[in-house]
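Asks: My structure is stored as run_39.cif, with mmCIF, C-alpha atoms.
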```cif
data_protein
loop_
_atom_site.group_PDB
_atom_site.id
_atom_site.type_symbol
_atom_site.label_atom_id
_atom_site.label_comp_id
_atom_site.auth_asym_id
_atom_site.auth_seq_id
_atom_site.Cartn_x
_atom_site.Cartn_y
_atom_site.Cartn_z
ATOM 1 C CA MET M 17 76.543 -44.168 -33.969
ATOM 2 C CA LEU M 18 74.238 -41.946 -31.926
ATOM 3 C CA ASP M 19 75.449 -43.618 -28.757
ATOM 4 C CA ARG M 20 78.876 -42.087 -29.297
ATOM 5 C CA PHE M 21 77.440 -38.570 -29.278
ATOM 6 C CA LYS M 22 75.686 -39.039 -25.925
ATOM 7 C CA ASN M 23 78.975 -38.928 -24.053
ATOM 8 C CA LEU M 24 80.302 -35.736 -25.587
ATOM 9 C CA LYS M 25 80.510 -32.798 -23.182
ATOM 10 C CA ILE M 26 78.752 -30.413 -25.560
ATOM 11 C CA VAL M 27 75.814 -32.811 -25.973
ATOM 12 C CA LYS M 28 75.489 -33.242 -22.213
ATOM 13 C CA LYS M 29 75.673 -29.469 -21.707
ATOM 14 C CA LEU M 30 73.006 -28.836 -24.343
ATOM 15 C CA ASN M 31 70.791 -31.554 -22.905
ATOM 16 C CA ASP M 32 71.038 -30.066 -19.396
ATOM 17 C CA SER M 33 70.278 -26.540 -20.565
ATOM 18 C CA ILE M 34 67.506 -27.361 -23.057
ATOM 19 C CA SER M 35 65.722 -30.059 -21.084
ATOM 20 C CA PRO M 36 63.890 -27.710 -18.644
ATOM 21 C CA LYS M 37 62.777 -25.502 -21.538
ATOM 22 C CA LEU M 38 61.413 -28.481 -23.450
ATOM 23 C CA ARG M 39 59.552 -29.709 -20.375
ATOM 24 C CA TRP M 40 58.047 -26.249 -19.923
ATOM 25 C CA LEU M 41 56.989 -26.000 -23.576
ATOM 26 C CA LYS M 42 55.419 -29.448 -23.479
ATOM 27 C CA PHE M 43 53.275 -28.581 -20.467
ATOM 28 C CA SER M 44 52.479 -25.019 -21.471
ATOM 29 C CA THR M 45 50.805 -26.313 -24.631
ATOM 30 C CA SER M 46 48.814 -28.998 -22.827
ATOM 31 C CA GLY M 47 45.790 -28.096 -20.733
ATOM 32 C CA MET M 48 46.868 -30.155 -17.717
ATOM 33 C CA ASP M 49 45.856 -29.275 -14.172
ATOM 34 C CA LYS M 50 48.749 -27.306 -12.706
ATOM 35 C CA SER M 51 48.228 -28.701 -9.228
ATOM 36 C CA SER M 52 48.620 -32.321 -10.320
ATOM 37 C CA PRO M 53 51.701 -34.331 -9.338
ATOM 38 C CA GLU M 54 52.382 -35.118 -13.006
ATOM 39 C CA TYR M 55 52.625 -31.408 -13.809
ATOM 40 C CA ILE M 56 54.989 -30.725 -10.918
ATOM 41 C CA LYS M 57 57.114 -33.735 -11.858
ATOM 42 C CA MET M 58 57.425 -32.648 -15.483
ATOM 43 C CA ILE M 59 58.202 -29.005 -14.672
ATOM 44 C CA SER M 60 60.703 -29.698 -11.909
ATOM 45 C CA GLY M 61 62.202 -32.878 -13.316
ATOM 46 C CA VAL M 62 62.018 -34.402 -9.837
ATOM 47 C CA GLU M 63 60.618 -37.908 -9.792
ATOM 48 C CA ASP M 64 59.560 -38.093 -6.154
ATOM 49 C CA ILE M 65 58.551 -35.098 -4.091
ATOM 50 C CA GLN M 66 59.966 -35.215 -0.566
ATOM 51 C CA THR M 67 56.638 -34.739 1.212
ATOM 52 C CA ASN M 68 55.088 -37.634 -0.693
ATOM 53 C CA SER M 69 57.944 -39.968 0.167
ATOM 54 C CA ASP M 70 57.794 -38.897 3.837
ATOM 55 C CA GLU M 71 54.067 -39.578 3.901
ATOM 56 C CA ARG M 72 54.536 -43.010 2.351
ATOM 57 C CA ARG M 73 57.213 -43.875 4.910
ATOM 58 C CA LEU M 74 54.926 -42.746 7.733
ATOM 59 C CA GLU M 75 52.085 -44.850 6.352
ATOM 60 C CA ALA M 76 54.378 -47.879 6.141
ATOM 61 C CA MET M 77 55.374 -47.322 9.771
ATOM 62 C CA VAL M 78 51.702 -47.098 10.794
ATOM 63 C CA ARG M 79 50.930 -50.333 8.949
ATOM 64 C CA GLU M 80 53.850 -52.129 10.621
ATOM 65 C CA GLN M 81 52.837 -50.885 14.061
ATOM 66 C CA LEU M 82 49.233 -52.013 13.573
ATOM 67 C CA LYS M 83 50.364 -55.441 12.389
ATOM 68 C CA GLU M 84 52.664 -55.739 15.390
ATOM 69 C CA GLU M 85 50.031 -54.727 17.941
ATOM 70 C CA PHE M 86 47.108 -56.562 16.348
ATOM 71 C CA PRO M 87 48.073 -59.843 14.633
ATOM 72 C CA ASN M 88 46.187 -60.653 11.394
ATOM 73 C CA ILE M 89 44.542 -57.225 11.316
ATOM 74 C CA GLU M 90 45.597 -56.747 7.690
ATOM 75 C CA ASN M 91 43.114 -59.449 6.683
ATOM 76 C CA MET M 92 40.130 -57.588 8.132
ATOM 77 C CA LYS M 93 37.808 -55.476 6.009
ATOM 78 C CA SER M 94 38.294 -52.345 8.117
ATOM 79 C CA TYR M 95 42.114 -52.422 7.985
ATOM 80 C CA GLU M 96 42.433 -49.773 5.256
ATOM 81 C CA LEU M 97 39.914 -47.536 7.039
ATOM 82 C CA LEU M 98 41.898 -47.870 10.258
ATOM 83 C CA VAL M 99 45.140 -46.959 8.502
ATOM 84 C CA ASP M 100 43.450 -43.931 6.927
ATOM 85 C CA ALA M 101 42.027 -42.850 10.297
ATOM 86 C CA VAL M 102 45.408 -43.118 12.012
ATOM 87 C CA MET M 103 47.098 -41.173 9.196
ATOM 88 C CA HIS M 104 44.380 -38.516 9.376
ATOM 89 C CA ASN M 105 44.838 -38.131 13.133
ATOM 90 C CA LEU M 106 48.622 -37.882 12.793
ATOM 91 C CA LYS M 107 48.352 -35.216 10.095
ATOM 92 C CA LYS M 108 45.768 -33.316 12.136
ATOM 93 C CA LYS M 109 48.029 -33.313 15.218
ATOM 94 C CA GLN M 110 50.987 -32.231 13.117
ATOM 95 C CA LEU M 111 48.974 -29.373 11.641
ATOM 96 C CA GLN M 112 47.802 -28.270 15.073
ATOM 97 C CA ALA M 113 51.376 -28.354 16.365
ATOM 98 C CA THR M 114 52.582 -26.138 13.529
ATOM 99 C CA GLU M 115 49.697 -23.707 14.054
ATOM 100 C CA ASP M 116 50.482 -23.447 17.765
ATOM 101 C CA LEU M 117 54.041 -22.305 17.096
ATOM 102 C CA ASP M 118 54.503 -18.615 17.676
ATOM 103 C CA ILE M 119 56.522 -17.457 14.688
ATOM 104 C CA GLU M 120 57.716 -13.877 14.855
#
```
Can you give me the file's structure in the form of structure tokens?

Replies:
Amino acid sequence: MLDRFKNLKIVKKLNDSISPKLRWLKFSTSGMDKSSPEYIKMISGVEDIQTNSDERRLEAMVREQLKEEFPNIENMKSYELLVDAVMHNLKKKQLQATEDLDIE
């Protein structure tokens, strides 16, 4: 019986307008760290933040490139450290490039 009410326009409208308020009340009462991804996800209602998905795609590209250039490198103990080092260097260069821009 409750399934029939889900499709009503008024129920959908109420759900869309009340949902952000309920999320805010839930997190305002809890003592969660406000810089955590869980907090941002619950407040915004967005499952995946764009910067996180971009970073994961970049890391996947780095892993593929390393596997292509160095066969069987993923089986070595230092593989994860190498991936982290490459990601760190890429982020560092990106940060330096944005700092060098002259924004007026």

Asks: Neighbours of Glu75 (chain M) within 10 Å (all atoms listed in the file; same-chain residues fewer than 4 positions away dropped), as JSON, numbers by chain?

Replies: {"M": [69, 70, 71, 79, 80, 81, 99, 100, 102, 103]}

Asks: Only C-alpha atoms, please: the residues just picked out, written as a PDB file, keeping the file's coordinate frame.

Replies:
```pdb
ATOM      1  CA  SER M  69      57.944 -39.968   0.167  1.00  0.00           C
ATOM      2  CA  ASP M  70      57.794 -38.897   3.837  1.00  0.00           C
ATOM      3  CA  GLU M  71      54.067 -39.578   3.901  1.00  0.00           C
ATOM      4  CA  ARG M  79      50.930 -50.333   8.949  1.00  0.00           C
ATOM      5  CA  GLU M  80      53.850 -52.129  10.621  1.00  0.00           C
ATOM      6  CA  GLN M  81      52.837 -50.885  14.061  1.00  0.00           C
ATOM      7  CA  VAL M  99      45.140 -46.959   8.502  1.00  0.00           C
ATOM      8  CA  ASP M 100      43.450 -43.931   6.927  1.00  0.00           C
ATOM      9  CA  VAL M 102      45.408 -43.118  12.012  1.00  0.00           C
ATOM     10  CA  MET M 103      47.098 -41.173   9.196  1.00  0.00           C
TER      11      MET M 103
END
```

Asks: In Å to one decimal, how far is CA of Lys107 (chain M) from CA of Lys83 (chain M)?

Replies: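 Answer for the CA of Lys83 (chain M) to CA of Lys107 (chain M) separation: 20.5 Å.
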
Asks: Can you work out the spacing between CA of Tyr95 (chain M) and CA of Met77 (chain M) in Å, to one decimal?

Replies: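 Taking CA of Tyr95 (chain M) and CA of Met77 (chain M), their separation equals 14.3 Å.
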
Asks: In Å to one decimal, how far is CA of Asn105 (chain M) from CA of Glu90 (chain M)?

Replies: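 Between these atoms lies a distance of 19.4 Å.
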
Asks: Smallest atom-to-atom distance to Leu74 (chain M): which of M:His104, M:Asn91, M:Ser60, M:Glu115, using only C-alpha atoms?

Replies: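 Nearest to Leu74 (chain M): M:His104.
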
Asks: Missing atoms in region 80-106 of chain M need filling: write out N, CA and C atoms for it as a CSV table (one decimal), in the frame of the given file.

Replies:
```csv
chain,number,residue,atom,x,y,z
M,80,GLU,N,53.0,-51.2,9.9
M,80,GLU,CA,53.8,-52.1,10.6
M,80,GLU,C,53.5,-52.1,12.1
M,81,GLN,N,53.2,-51.0,12.7
M,81,GLN,CA,52.8,-50.9,14.1
M,81,GLN,C,51.5,-51.6,14.3
M,82,LEU,N,50.5,-51.4,13.4
M,82,LEU,CA,49.2,-52.0,13.6
M,82,LEU,C,49.4,-53.5,13.5
M,83,LYS,N,50.2,-54.0,12.5
M,83,LYS,CA,50.4,-55.4,12.4
M,83,LYS,C,51.0,-56.0,13.6
M,84,GLU,N,52.0,-55.3,14.2
M,84,GLU,CA,52.7,-55.7,15.4
M,84,GLU,C,51.7,-55.8,16.6
M,85,GLU,N,50.9,-54.8,16.8
M,85,GLU,CA,50.0,-54.7,17.9
M,85,GLU,C,48.8,-55.6,17.8
M,86,PHE,N,48.3,-55.8,16.6
M,86,PHE,CA,47.1,-56.6,16.3
M,86,PHE,C,47.4,-57.6,15.3
M,87,PRO,N,47.8,-58.8,15.6
M,87,PRO,CA,48.1,-59.8,14.6
M,87,PRO,C,46.9,-60.1,13.7
M,88,ASN,N,47.2,-60.3,12.5
M,88,ASN,CA,46.2,-60.7,11.4
M,88,ASN,C,45.2,-59.5,11.2
M,89,ILE,N,45.5,-58.3,11.5
M,89,ILE,CA,44.5,-57.2,11.3
M,89,ILE,C,44.5,-56.9,9.8
M,90,GLU,N,45.6,-57.1,9.1
M,90,GLU,CA,45.6,-56.7,7.7
M,90,GLU,C,44.6,-57.6,6.9
M,91,ASN,N,44.1,-58.6,7.4
M,91,ASN,CA,43.1,-59.4,6.7
M,91,ASN,C,41.7,-59.0,6.9
M,92,MET,N,41.5,-58.1,7.8
M,92,MET,CA,40.1,-57.6,8.1
M,92,MET,C,39.7,-56.5,7.1
M,93,LYS,N,38.4,-56.4,7.0
M,93,LYS,CA,37.8,-55.5,6.0
M,93,LYS,C,38.1,-54.0,6.4
M,94,SER,N,38.1,-53.7,7.7
M,94,SER,CA,38.3,-52.3,8.1
M,94,SER,C,39.8,-51.9,8.3
M,95,TYR,N,40.7,-52.7,7.8
M,95,TYR,CA,42.1,-52.4,8.0
M,95,TYR,C,42.5,-51.1,7.3
M,96,GLU,N,42.1,-51.0,6.0
M,96,GLU,CA,42.4,-49.8,5.3
M,96,GLU,C,41.8,-48.5,5.9
M,97,LEU,N,40.6,-48.7,6.4
M,97,LEU,CA,39.9,-47.5,7.0
M,97,LEU,C,40.7,-47.2,8.3
M,98,LEU,N,41.1,-48.1,9.0
M,98,LEU,CA,41.9,-47.9,10.3
M,98,LEU,C,43.2,-47.2,9.9
M,99,VAL,N,43.9,-47.6,8.9
M,99,VAL,CA,45.1,-47.0,8.5
M,99,VAL,C,44.9,-45.5,8.1
M,100,ASP,N,43.8,-45.3,7.3
M,100,ASP,CA,43.4,-43.9,6.9
M,100,ASP,C,43.1,-43.1,8.1
M,101,ALA,N,42.4,-43.6,9.1
M,101,ALA,CA,42.0,-42.8,10.3
M,101,ALA,C,43.3,-42.5,11.1
M,102,VAL,N,44.2,-43.4,11.3
M,102,VAL,CA,45.4,-43.1,12.0
M,102,VAL,C,46.2,-42.1,11.3
M,103,MET,N,46.4,-42.2,10.0
M,103,MET,CA,47.1,-41.2,9.2
M,103,MET,C,46.4,-39.8,9.3
M,104,HIS,N,45.1,-39.8,9.3
M,104,HIS,CA,44.4,-38.5,9.4
M,104,HIS,C,44.6,-37.9,10.7
M,105,ASN,N,44.6,-38.7,11.8
M,105,ASN,CA,44.8,-38.1,13.1
M,105,ASN,C,46.3,-37.6,13.3
M,106,LEU,N,47.2,-38.3,12.7
M,106,LEU,CA,48.6,-37.9,12.8
M,106,LEU,C,48.8,-36.6,12.1
```
